[in-house]
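Below: one structure, written as structure tokens.
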Amino acid sequence: MRHLWKVLVVAALALAVMPAGASAQQSVGCGAVLTRDTVLTADLVDCPGDGLVVGADGIRITLNGHSITGTGAPGSAGVRNQGHDGVTIEDGDFVGLDISGFQTGILLVGADRNRVRDLFVEGSSHGIALVRSTGNLLERNASRGGSFNRCDSPAFVAIALFRSNRNLLRDNIAANNVHAGIHVRPLSHGTLVAANLAQFNGGGDGILVDNPRTTITANTADDNLDYGIEAVAGVTDGGGNTASGNGNPAQCLNVACS
């Protein structure tokens, strides 16, 4: 994970290959409602509301190395998926910043079995937020926020789960957020938090887990203001977690960290 973070910072990850049968590239504008597979051909700049909106189940949206930026509209999302299942949202090459300037970078509401992967989201109140969404995979994303973003609101959490069950958070990077890097909230059951890196989160914990029906394994949490990993009693400790340089000398709570 340390190696992956260094690669992300210099924007030099290897080219991700589009699978056979992917859609042709096409031009879309800010706020477009997508109902078929889409590969971006240009940046979407200064979107006044949402960047893109998912409009159908089972589609694939590939940024293809392009970025989506917003103007800070309250309630806006870089990519909004409200109620559609089996959607893939990804960046085809993972070079440079993908989504910024929205209240939430990627927002899933009542959306199940989606894949969000290989995206670099910066400066949002929530980088990726799941609300009442089940069985999703969040993988190989990087989310980063400063004290305030273009929405003039705090960049609280890189990845947050609200009333969302049985989701997998794997190989993500959550750094430089005002609150926690990753937050599994109390009514989000059955989450697997595995092999993530949470680092330099200046307002709280690297990983904060408030639901005991969560498995935490093989994460790295370094140099956060409070705990590296703070979990409620009763979580499943899958082992392999490490933490160092965090403000709380215990480093981790209710999981073992080496």
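Starting from 1 in every chain, residues are counted up; chains themselves are A, B, ... following the order of the structure tokens, and ligands are numbered from 1 as listed.
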Asp112 (chain A) surroundings by only C-alpha atoms, 9 Å radius, close-in-sequence under 2 positions cut, as a PyMOL selection string: chain A and resi 83-87+108-110+114+132-136
Within 12 Å of region 175-178 of chain A, which residues of region 194-256 of chain A show up? Give each one with its shortest atom-to-atom distance in Å (one decimal) and the two atoms involved, counting only C-alpha atoms, rows by chain then rising residue number, as CSV.
```
residue,atom,partner,partner_atom,distance
A:Asn196,CA,A:Ala175,CA,10.7
A:Leu197,CA,A:Ala175,CA,8.0
A:Ala198,CA,A:Ala175,CA,5.7
A:Gln199,CA,A:Ala175,CA,4.8
A:Phe200,CA,A:Asn176,CA,5.0
A:Asn201,CA,A:Asn176,CA,4.5
A:Gly202,CA,A:Val178,CA,5.4
A:Gly203,CA,A:Val178,CA,4.7
A:Gly204,CA,A:Val178,CA,7.4
A:Asp205,CA,A:Asn177,CA,9.7
A:Gly206,CA,A:Ala175,CA,8.1
A:Ile207,CA,A:Ala175,CA,10.5
A:Thr220,CA,A:Ala175,CA,11.6
A:Ala221,CA,A:Ala175,CA,9.8
A:Asp222,CA,A:Ala175,CA,9.8
A:Asp223,CA,A:Ala175,CA,9.8
A:Asn224,CA,A:Asn176,CA,8.8
A:Leu225,CA,A:Val178,CA,9.7
A:Asp226,CA,A:Val178,CA,11.8
A:Gly228,CA,A:Ala175,CA,11.8
```
How would the residues just picked look written out with N, CA and C atoms as a PDB file, in the first residue's frame?
```pdb
ATOM      1  N   ASN A 196      -6.600  -1.298   3.233  1.00  0.00           N
ATOM      2  CA  ASN A 196      -6.636   0.128   2.933  1.00  0.00           C
ATOM      3  C   ASN A 196      -5.501   0.861   3.639  1.00  0.00           C
ATOM      4  N   LEU A 197      -5.143   2.038   3.123  1.00  0.00           N
ATOM      5  CA  LEU A 197      -4.167   2.907   3.759  1.00  0.00           C
ATOM      6  C   LEU A 197      -4.866   4.187   4.195  1.00  0.00           C
ATOM      7  N   ALA A 198      -4.813   4.499   5.491  1.00  0.00           N
ATOM      8  CA  ALA A 198      -5.378   5.738   6.034  1.00  0.00           C
ATOM      9  C   ALA A 198      -4.244   6.513   6.691  1.00  0.00           C
ATOM     10  N   GLN A 199      -3.996   7.724   6.220  1.00  0.00           N
ATOM     11  CA  GLN A 199      -2.771   8.420   6.617  1.00  0.00           C
ATOM     12  C   GLN A 199      -2.994   9.932   6.633  1.00  0.00           C
ATOM     13  N   PHE A 200      -2.378  10.592   7.622  1.00  0.00           N
ATOM     14  CA  PHE A 200      -2.365  12.058   7.702  1.00  0.00           C
ATOM     15  C   PHE A 200      -3.761  12.663   7.798  1.00  0.00           C
ATOM     16  N   ASN A 201      -4.696  11.973   8.440  1.00  0.00           N
ATOM     17  CA  ASN A 201      -6.029  12.541   8.651  1.00  0.00           C
ATOM     18  C   ASN A 201      -5.989  13.380   9.920  1.00  0.00           C
ATOM     19  N   GLY A 202      -6.196  14.694   9.747  1.00  0.00           N
ATOM     20  CA  GLY A 202      -5.827  15.645  10.776  1.00  0.00           C
ATOM     21  C   GLY A 202      -6.883  15.979  11.795  1.00  0.00           C
ATOM     22  N   GLY A 203      -8.074  15.373  11.717  1.00  0.00           N
ATOM     23  CA  GLY A 203      -9.119  15.721  12.663  1.00  0.00           C
ATOM     24  C   GLY A 203      -9.632  14.553  13.482  1.00  0.00           C
ATOM     25  N   GLY A 204      -9.070  13.376  13.292  1.00  0.00           N
ATOM     26  CA  GLY A 204      -9.584  12.224  14.020  1.00  0.00           C
ATOM     27  C   GLY A 204      -8.793  10.981  13.708  1.00  0.00           C
ATOM     28  N   ASP A 205      -9.520   9.893  13.413  1.00  0.00           N
ATOM     29  CA  ASP A 205      -8.913   8.577  13.219  1.00  0.00           C
ATOM     30  C   ASP A 205      -8.620   8.317  11.742  1.00  0.00           C
ATOM     31  N   GLY A 206      -7.710   7.399  11.524  1.00  0.00           N
ATOM     32  CA  GLY A 206      -7.505   6.934  10.153  1.00  0.00           C
ATOM     33  C   GLY A 206      -8.706   6.145   9.665  1.00  0.00           C
ATOM     34  N   ILE A 207      -9.120   5.154  10.454  1.00  0.00           N
ATOM     35  CA  ILE A 207     -10.294   4.331  10.154  1.00  0.00           C
ATOM     36  C   ILE A 207     -11.166   4.309  11.396  1.00  0.00           C
ATOM     37  N   THR A 220      -3.413  -0.411   6.904  1.00  0.00           N
ATOM     38  CA  THR A 220      -2.310   0.383   7.423  1.00  0.00           C
ATOM     39  C   THR A 220      -2.838   1.764   7.769  1.00  0.00           C
ATOM     40  N   ALA A 221      -2.581   2.214   9.002  1.00  0.00           N
ATOM     41  CA  ALA A 221      -3.096   3.506   9.457  1.00  0.00           C
ATOM     42  C   ALA A 221      -1.987   4.243  10.208  1.00  0.00           C
ATOM     43  N   ASP A 222      -1.389   5.217   9.566  1.00  0.00           N
ATOM     44  CA  ASP A 222      -0.233   5.910  10.120  1.00  0.00           C
ATOM     45  C   ASP A 222      -0.458   7.421  10.168  1.00  0.00           C
ATOM     46  N   ASP A 223       0.090   8.047  11.203  1.00  0.00           N
ATOM     47  CA  ASP A 223       0.219   9.510  11.272  1.00  0.00           C
ATOM     48  C   ASP A 223      -1.121  10.231  11.228  1.00  0.00           C
ATOM     49  N   ASN A 224      -2.121   9.658  11.885  1.00  0.00           N
ATOM     50  CA  ASN A 224      -3.413  10.315  12.031  1.00  0.00           C
ATOM     51  C   ASN A 224      -3.490  11.019  13.386  1.00  0.00           C
ATOM     52  N   LEU A 225      -4.416  11.971  13.517  1.00  0.00           N
ATOM     53  CA  LEU A 225      -4.445  12.795  14.727  1.00  0.00           C
ATOM     54  C   LEU A 225      -4.745  11.989  15.978  1.00  0.00           C
ATOM     55  N   ASP A 226      -5.704  11.047  15.890  1.00  0.00           N
ATOM     56  CA  ASP A 226      -6.089  10.275  17.078  1.00  0.00           C
ATOM     57  C   ASP A 226      -5.654   8.824  16.886  1.00  0.00           C
ATOM     58  N   GLY A 228      -5.066   5.232  14.882  1.00  0.00           N
ATOM     59  CA  GLY A 228      -4.943   4.718  13.526  1.00  0.00           C
ATOM     60  C   GLY A 228      -6.227   4.031  13.118  1.00  0.00           C
TER      61      GLY A 228
END
```
Please list as number ranges by chain every residue within 10 Å of Asp98 (chain A), counting only C-alpha atoms and excluding residues in the same chain fewer than 4 positions away. A: 43, 63-69, 78, 90-91, 94, 105, 118-122, 142
Please produce an output containing N, CA, C and O atoms for each residue in the selection, written as a short mmCIF file (atom, residue, chain, number, x, y, z; two decimals), in the first residue's frame.
```
data_model
loop_
_atom_site.label_atom_id
_atom_site.label_comp_id
_atom_site.auth_asym_id
_atom_site.auth_seq_id
_atom_site.Cartn_x
_atom_site.Cartn_y
_atom_site.Cartn_z
N ASP A 43 -12.42 16.51 -20.71
CA ASP A 43 -12.70 16.90 -19.33
C ASP A 43 -14.08 17.59 -19.27
O ASP A 43 -14.50 18.25 -20.23
N LEU A 63 -13.77 7.18 -17.09
CA LEU A 63 -13.31 8.55 -17.27
C LEU A 63 -12.20 8.65 -18.32
O LEU A 63 -11.97 9.72 -18.87
N ASN A 64 -11.49 7.55 -18.54
CA ASN A 64 -10.53 7.50 -19.64
C ASN A 64 -9.43 8.57 -19.49
O ASN A 64 -8.97 9.16 -20.46
N GLY A 65 -9.03 8.83 -18.24
CA GLY A 65 -7.98 9.80 -18.00
C GLY A 65 -8.44 11.23 -17.93
O GLY A 65 -7.63 12.13 -17.70
N HIS A 66 -9.72 11.48 -18.10
CA HIS A 66 -10.26 12.84 -18.05
C HIS A 66 -10.75 13.17 -16.65
O HIS A 66 -11.00 12.27 -15.83
N SER A 67 -10.90 14.45 -16.37
CA SER A 67 -11.33 14.91 -15.04
C SER A 67 -12.72 15.52 -15.11
O SER A 67 -13.17 15.98 -16.16
N ILE A 68 -13.38 15.52 -13.95
CA ILE A 68 -14.68 16.16 -13.78
C ILE A 68 -14.55 17.13 -12.62
O ILE A 68 -14.22 16.73 -11.50
N THR A 69 -14.78 18.42 -12.89
CA THR A 69 -14.68 19.42 -11.82
C THR A 69 -15.98 20.19 -11.70
O THR A 69 -16.69 20.41 -12.69
N GLY A 78 -19.96 14.51 -8.12
CA GLY A 78 -19.21 14.33 -9.36
C GLY A 78 -19.86 13.27 -10.23
O GLY A 78 -20.05 13.47 -11.43
N GLU A 90 -15.25 3.99 -13.18
CA GLU A 90 -13.81 3.77 -13.11
C GLU A 90 -13.07 4.81 -13.93
O GLU A 90 -13.66 5.53 -14.75
N ASP A 91 -11.76 4.86 -13.71
CA ASP A 91 -10.89 5.67 -14.55
C ASP A 91 -10.03 4.73 -15.37
O ASP A 91 -9.40 3.83 -14.81
N PHE A 94 -6.01 6.15 -14.58
CA PHE A 94 -5.58 6.54 -13.25
C PHE A 94 -4.35 7.43 -13.28
O PHE A 94 -3.37 7.21 -12.57
N GLY A 105 -17.80 13.40 -4.10
CA GLY A 105 -17.19 12.98 -5.36
C GLY A 105 -18.01 11.92 -6.07
O GLY A 105 -18.45 12.11 -7.20
N ASP A 118 -10.39 2.62 -9.06
CA ASP A 118 -9.30 3.31 -9.76
C ASP A 118 -9.60 4.79 -10.00
O ASP A 118 -9.29 5.33 -11.07
N LEU A 119 -10.16 5.45 -8.99
CA LEU A 119 -10.49 6.87 -9.10
C LEU A 119 -9.72 7.67 -8.06
O LEU A 119 -9.49 7.20 -6.94
N PHE A 120 -9.35 8.89 -8.41
CA PHE A 120 -8.65 9.81 -7.51
C PHE A 120 -9.59 10.99 -7.27
O PHE A 120 -9.83 11.79 -8.18
N VAL A 121 -10.13 11.07 -6.06
CA VAL A 121 -11.13 12.08 -5.71
C VAL A 121 -10.53 12.99 -4.65
O VAL A 121 -10.07 12.53 -3.61
N GLU A 122 -10.56 14.30 -4.89
CA GLU A 122 -9.92 15.24 -3.97
C GLU A 122 -10.87 16.37 -3.59
O GLU A 122 -11.62 16.87 -4.43
N ALA A 142 -8.33 6.56 -4.44
CA ALA A 142 -7.62 7.47 -3.54
C ALA A 142 -8.51 8.68 -3.30
O ALA A 142 -9.05 9.26 -4.24
#
```
Residue nearest Ala180 (chain A) among A:Arg144, A:Arg213, A:Arg60, A:Arg80 (counting only C-alpha atoms): A:Arg144
From a DSSP pass on the backbone, collect the residues of region 33-239 of chain A flagged as strand (DSSP E) and hand them back as a VMD selection string. chain A and resid 33 to 34 38 to 40 44 to 47 52 to 54 60 to 62 68 to 70 77 to 82 88 to 90 99 to 100 104 to 109 115 to 117 120 to 122 126 to 131 137 to 139 142 to 144 157 to 162 168 to 170 173 to 175 182 to 184 191 to 194 197 to 199 207 to 209 214 to 217 220 to 222 229 to 231 236 to 239
Can you work out which one of A:Leu52, A:Leu168, A:Ile99, A:Ala194 has the shortest atom-to-atom distance to Arg115 (chain A), counting only C-alpha atoms? A:Leu168
Choose the residue, out of A:Leu44, A:Ile229, A:Ile173, A:Ala111, that has the smallest atom-to-atom separation from Thr242 (chain A); count only C-alpha atoms. A:Ile229
Contacts of region 32-35 of chain A within 6 Å, only C-alpha atoms, excl. fewer than 4 positions in-chain, as a list in words: Leu52, Val53, Val54, Gly55 and Ala56 of chain A
Written selection (N, CA, C and O atoms) as a tab-separated table (two decimals), in the first residue's frame:
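Saved result, out-v2.tsv, follows:
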```tsv
chain	number	residue	atom	x	y	z
A	52	LEU	N	-21.89	13.93	-13.63
A	52	LEU	CA	-22.59	12.92	-14.42
A	52	LEU	C	-23.63	12.26	-13.54
A	52	LEU	O	-23.44	12.14	-12.33
A	53	VAL	N	-24.70	11.77	-14.17
A	53	VAL	CA	-25.78	11.10	-13.45
A	53	VAL	C	-26.01	9.73	-14.10
A	53	VAL	O	-26.19	9.64	-15.32
A	54	VAL	N	-26.00	8.68	-13.30
A	54	VAL	CA	-26.29	7.33	-13.79
A	54	VAL	C	-27.78	7.22	-14.03
A	54	VAL	O	-28.59	7.52	-13.15
A	55	GLY	N	-28.15	6.73	-15.24
A	55	GLY	CA	-29.56	6.65	-15.59
A	55	GLY	C	-30.04	5.27	-15.95
A	55	GLY	O	-31.18	5.11	-16.42
A	56	ALA	N	-29.21	4.23	-15.75
A	56	ALA	CA	-29.62	2.87	-16.09
A	56	ALA	C	-28.80	1.86	-15.31
A	56	ALA	O	-27.66	2.15	-14.90
```
So how many Å separate CA of Leu97 (chain A) and CA of Arg140 (chain A), to one decimal?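 Interatomic distance here is 13.9 Å.
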Closest to Pro74 (chain A) among A:Ile89, A:Asp46, A:Ser125, A:Arg113, using only C-alpha atoms?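 Among A:Ile89, A:Asp46, A:Ser125, A:Arg113, it is A:Ser125 that comes nearest to Pro74 (chain A).
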Report as a ChimeraX atom specification all protein, DNA and RNA residues lying within 10 Å of Thr217 (chain A), evaluated on only C-alpha atoms, omitting residues in the same chain fewer than 6 positions from it. /A:170,192-196,236-242,255-257
Take the selection from the previous step and output its residues with all heavy atoms, as a CSV table (one decimal), in the first residue's frame.
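Output below, filename result.csv:
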```csv
chain,number,residue,atom,x,y,z
A,170,ARG,N,-11.7,-2.1,-0.3
A,170,ARG,CA,-10.4,-2.8,-0.4
A,170,ARG,C,-9.4,-2.0,-1.2
A,170,ARG,O,-9.7,-1.4,-2.3
A,170,ARG,CB,-10.6,-4.1,-1.2
A,170,ARG,CG,-9.4,-5.0,-1.4
A,170,ARG,CD,-9.8,-6.3,-2.0
A,170,ARG,NE,-10.4,-6.2,-3.3
A,170,ARG,CZ,-11.1,-7.2,-3.9
A,170,ARG,NH1,-11.4,-8.3,-3.2
A,170,ARG,NH2,-11.6,-7.0,-5.1
A,192,LEU,N,-16.6,-5.3,5.0
A,192,LEU,CA,-15.3,-5.7,5.1
A,192,LEU,C,-14.3,-4.6,4.7
A,192,LEU,O,-14.4,-4.1,3.6
A,192,LEU,CB,-15.1,-6.9,4.1
A,192,LEU,CG,-13.6,-7.4,4.0
A,192,LEU,CD1,-13.0,-7.8,5.3
A,192,LEU,CD2,-13.6,-8.6,3.0
A,193,VAL,N,-13.5,-4.2,5.6
A,193,VAL,CA,-12.5,-3.1,5.4
A,193,VAL,C,-11.1,-3.8,5.4
A,193,VAL,O,-10.6,-4.3,6.4
A,193,VAL,CB,-12.6,-2.1,6.6
A,193,VAL,CG1,-11.6,-1.0,6.3
A,193,VAL,CG2,-14.0,-1.6,6.8
A,194,ALA,N,-10.6,-3.9,4.1
A,194,ALA,CA,-9.4,-4.7,3.9
A,194,ALA,C,-8.3,-4.0,3.1
A,194,ALA,O,-8.6,-3.5,2.1
A,194,ALA,CB,-9.8,-6.0,3.2
A,195,ALA,N,-7.1,-4.0,3.6
A,195,ALA,CA,-5.9,-3.6,2.9
A,195,ALA,C,-6.0,-2.2,2.4
A,195,ALA,O,-5.5,-1.8,1.4
A,195,ALA,CB,-5.7,-4.5,1.7
A,196,ASN,N,-6.6,-1.3,3.2
A,196,ASN,CA,-6.6,0.1,2.9
A,196,ASN,C,-5.5,0.9,3.6
A,196,ASN,O,-5.0,0.4,4.6
A,196,ASN,CB,-8.0,0.7,3.4
A,196,ASN,CG,-9.1,0.0,2.7
A,196,ASN,OD1,-9.4,0.3,1.5
A,196,ASN,ND2,-9.8,-0.9,3.4
A,236,THR,N,-14.9,-7.9,14.1
A,236,THR,CA,-14.1,-9.0,13.8
A,236,THR,C,-12.7,-8.5,13.4
A,236,THR,O,-12.6,-7.8,12.4
A,236,THR,CB,-14.7,-9.9,12.7
A,236,THR,OG1,-15.9,-10.4,13.1
A,236,THR,CG2,-13.8,-11.1,12.3
A,237,ASP,N,-11.7,-8.9,14.1
A,237,ASP,CA,-10.3,-8.5,13.8
A,237,ASP,C,-9.7,-9.6,12.9
A,237,ASP,O,-9.4,-10.7,13.4
A,237,ASP,CB,-9.5,-8.4,15.1
A,237,ASP,CG,-8.1,-7.9,14.9
A,237,ASP,OD1,-7.6,-7.9,13.7
A,237,ASP,OD2,-7.4,-7.5,15.9
A,238,GLY,N,-9.6,-9.3,11.6
A,238,GLY,CA,-9.1,-10.3,10.7
A,238,GLY,C,-7.6,-10.4,10.7
A,238,GLY,O,-7.0,-11.2,10.0
A,239,GLY,N,-6.9,-9.6,11.5
A,239,GLY,CA,-5.4,-9.6,11.7
A,239,GLY,C,-4.8,-8.8,10.6
A,239,GLY,O,-5.3,-8.4,9.6
A,240,GLY,N,-3.5,-8.6,10.8
A,240,GLY,CA,-2.6,-8.0,9.8
A,240,GLY,C,-2.7,-6.5,9.7
A,240,GLY,O,-2.2,-5.9,8.8
A,241,ASN,N,-3.4,-5.9,10.7
A,241,ASN,CA,-3.5,-4.4,10.7
A,241,ASN,C,-2.2,-3.8,11.3
A,241,ASN,O,-1.7,-4.4,12.3
A,241,ASN,CB,-4.7,-4.0,11.5
A,241,ASN,CG,-6.0,-4.5,10.9
A,241,ASN,OD1,-6.4,-4.0,9.8
A,241,ASN,ND2,-6.7,-5.4,11.6
A,242,THR,N,-1.8,-2.7,10.8
A,242,THR,CA,-0.6,-2.0,11.3
A,242,THR,C,-0.9,-0.6,11.5
A,242,THR,O,-1.7,0.0,10.8
A,242,THR,CB,0.6,-2.2,10.4
A,242,THR,OG1,0.4,-1.5,9.2
A,242,THR,CG2,0.9,-3.6,10.1
A,255,VAL,N,-9.0,-3.5,17.9
A,255,VAL,CA,-8.3,-4.4,17.0
A,255,VAL,C,-6.8,-4.4,17.4
A,255,VAL,O,-6.3,-3.4,17.9
A,255,VAL,CB,-8.5,-4.0,15.5
A,255,VAL,CG1,-10.0,-4.2,15.1
A,255,VAL,CG2,-8.0,-2.6,15.3
A,256,ALA,N,-6.1,-5.4,17.1
A,256,ALA,CA,-4.7,-5.5,17.3
A,256,ALA,C,-4.0,-4.9,16.1
A,256,ALA,O,-4.2,-5.3,15.0
A,256,ALA,CB,-4.3,-7.0,17.5
A,257,CYS,N,-3.0,-4.0,16.4
A,257,CYS,CA,-2.2,-3.4,15.4
A,257,CYS,C,-0.7,-3.6,15.7
A,257,CYS,O,-0.3,-3.4,16.9
A,257,CYS,CB,-2.5,-1.9,15.2
A,257,CYS,SG,-4.1,-1.6,14.6
```
Work out how far apart CA of Gly70 (chain A) and CA of Phe156 (chain A) are and give it in Å to one decimal.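 One can read the CA of Gly70 (chain A) to CA of Phe156 (chain A) distance as 17.8 Å.
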Which residues are near Glu230 (chain A)? Cut-off 6 Å, only C-alpha atoms, ignore same chain within fewer than 5 positions. Put them as an NGL selection string. :A and (208 or 252-253)
Could you write out the selected residues, including all heavy atoms, as a short mmCIF file (atom, residue, chain, number, x, y, z; two decimals), in the first residue's frame?
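Result file follows (out_27.cif):
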```
data_model
loop_
_atom_site.label_atom_id
_atom_site.label_comp_id
_atom_site.auth_asym_id
_atom_site.auth_seq_id
_atom_site.Cartn_x
_atom_site.Cartn_y
_atom_site.Cartn_z
N LEU A 208 -12.42 4.69 11.24
CA LEU A 208 -13.37 4.75 12.36
C LEU A 208 -14.53 3.82 12.05
O LEU A 208 -15.23 4.00 11.05
CB LEU A 208 -13.86 6.18 12.54
CG LEU A 208 -14.95 6.43 13.59
CD1 LEU A 208 -14.48 6.00 14.97
CD2 LEU A 208 -15.36 7.89 13.58
N CYS A 252 -4.37 1.75 18.18
CA CYS A 252 -5.62 1.15 17.73
C CYS A 252 -6.50 0.78 18.91
O CYS A 252 -5.99 0.50 20.01
CB CYS A 252 -5.36 -0.10 16.87
SG CYS A 252 -4.52 0.24 15.31
N LEU A 253 -7.82 0.76 18.69
CA LEU A 253 -8.77 0.41 19.73
C LEU A 253 -9.69 -0.71 19.24
O LEU A 253 -10.32 -0.60 18.19
CB LEU A 253 -9.63 1.63 20.11
CG LEU A 253 -10.69 1.41 21.18
CD1 LEU A 253 -10.03 1.09 22.54
CD2 LEU A 253 -11.57 2.65 21.31
#
```
Report, in Å with one decimal, the straight-line distance from CA of Ser164 (chain A) to CA of Val131 (chain A). 5.8 Å
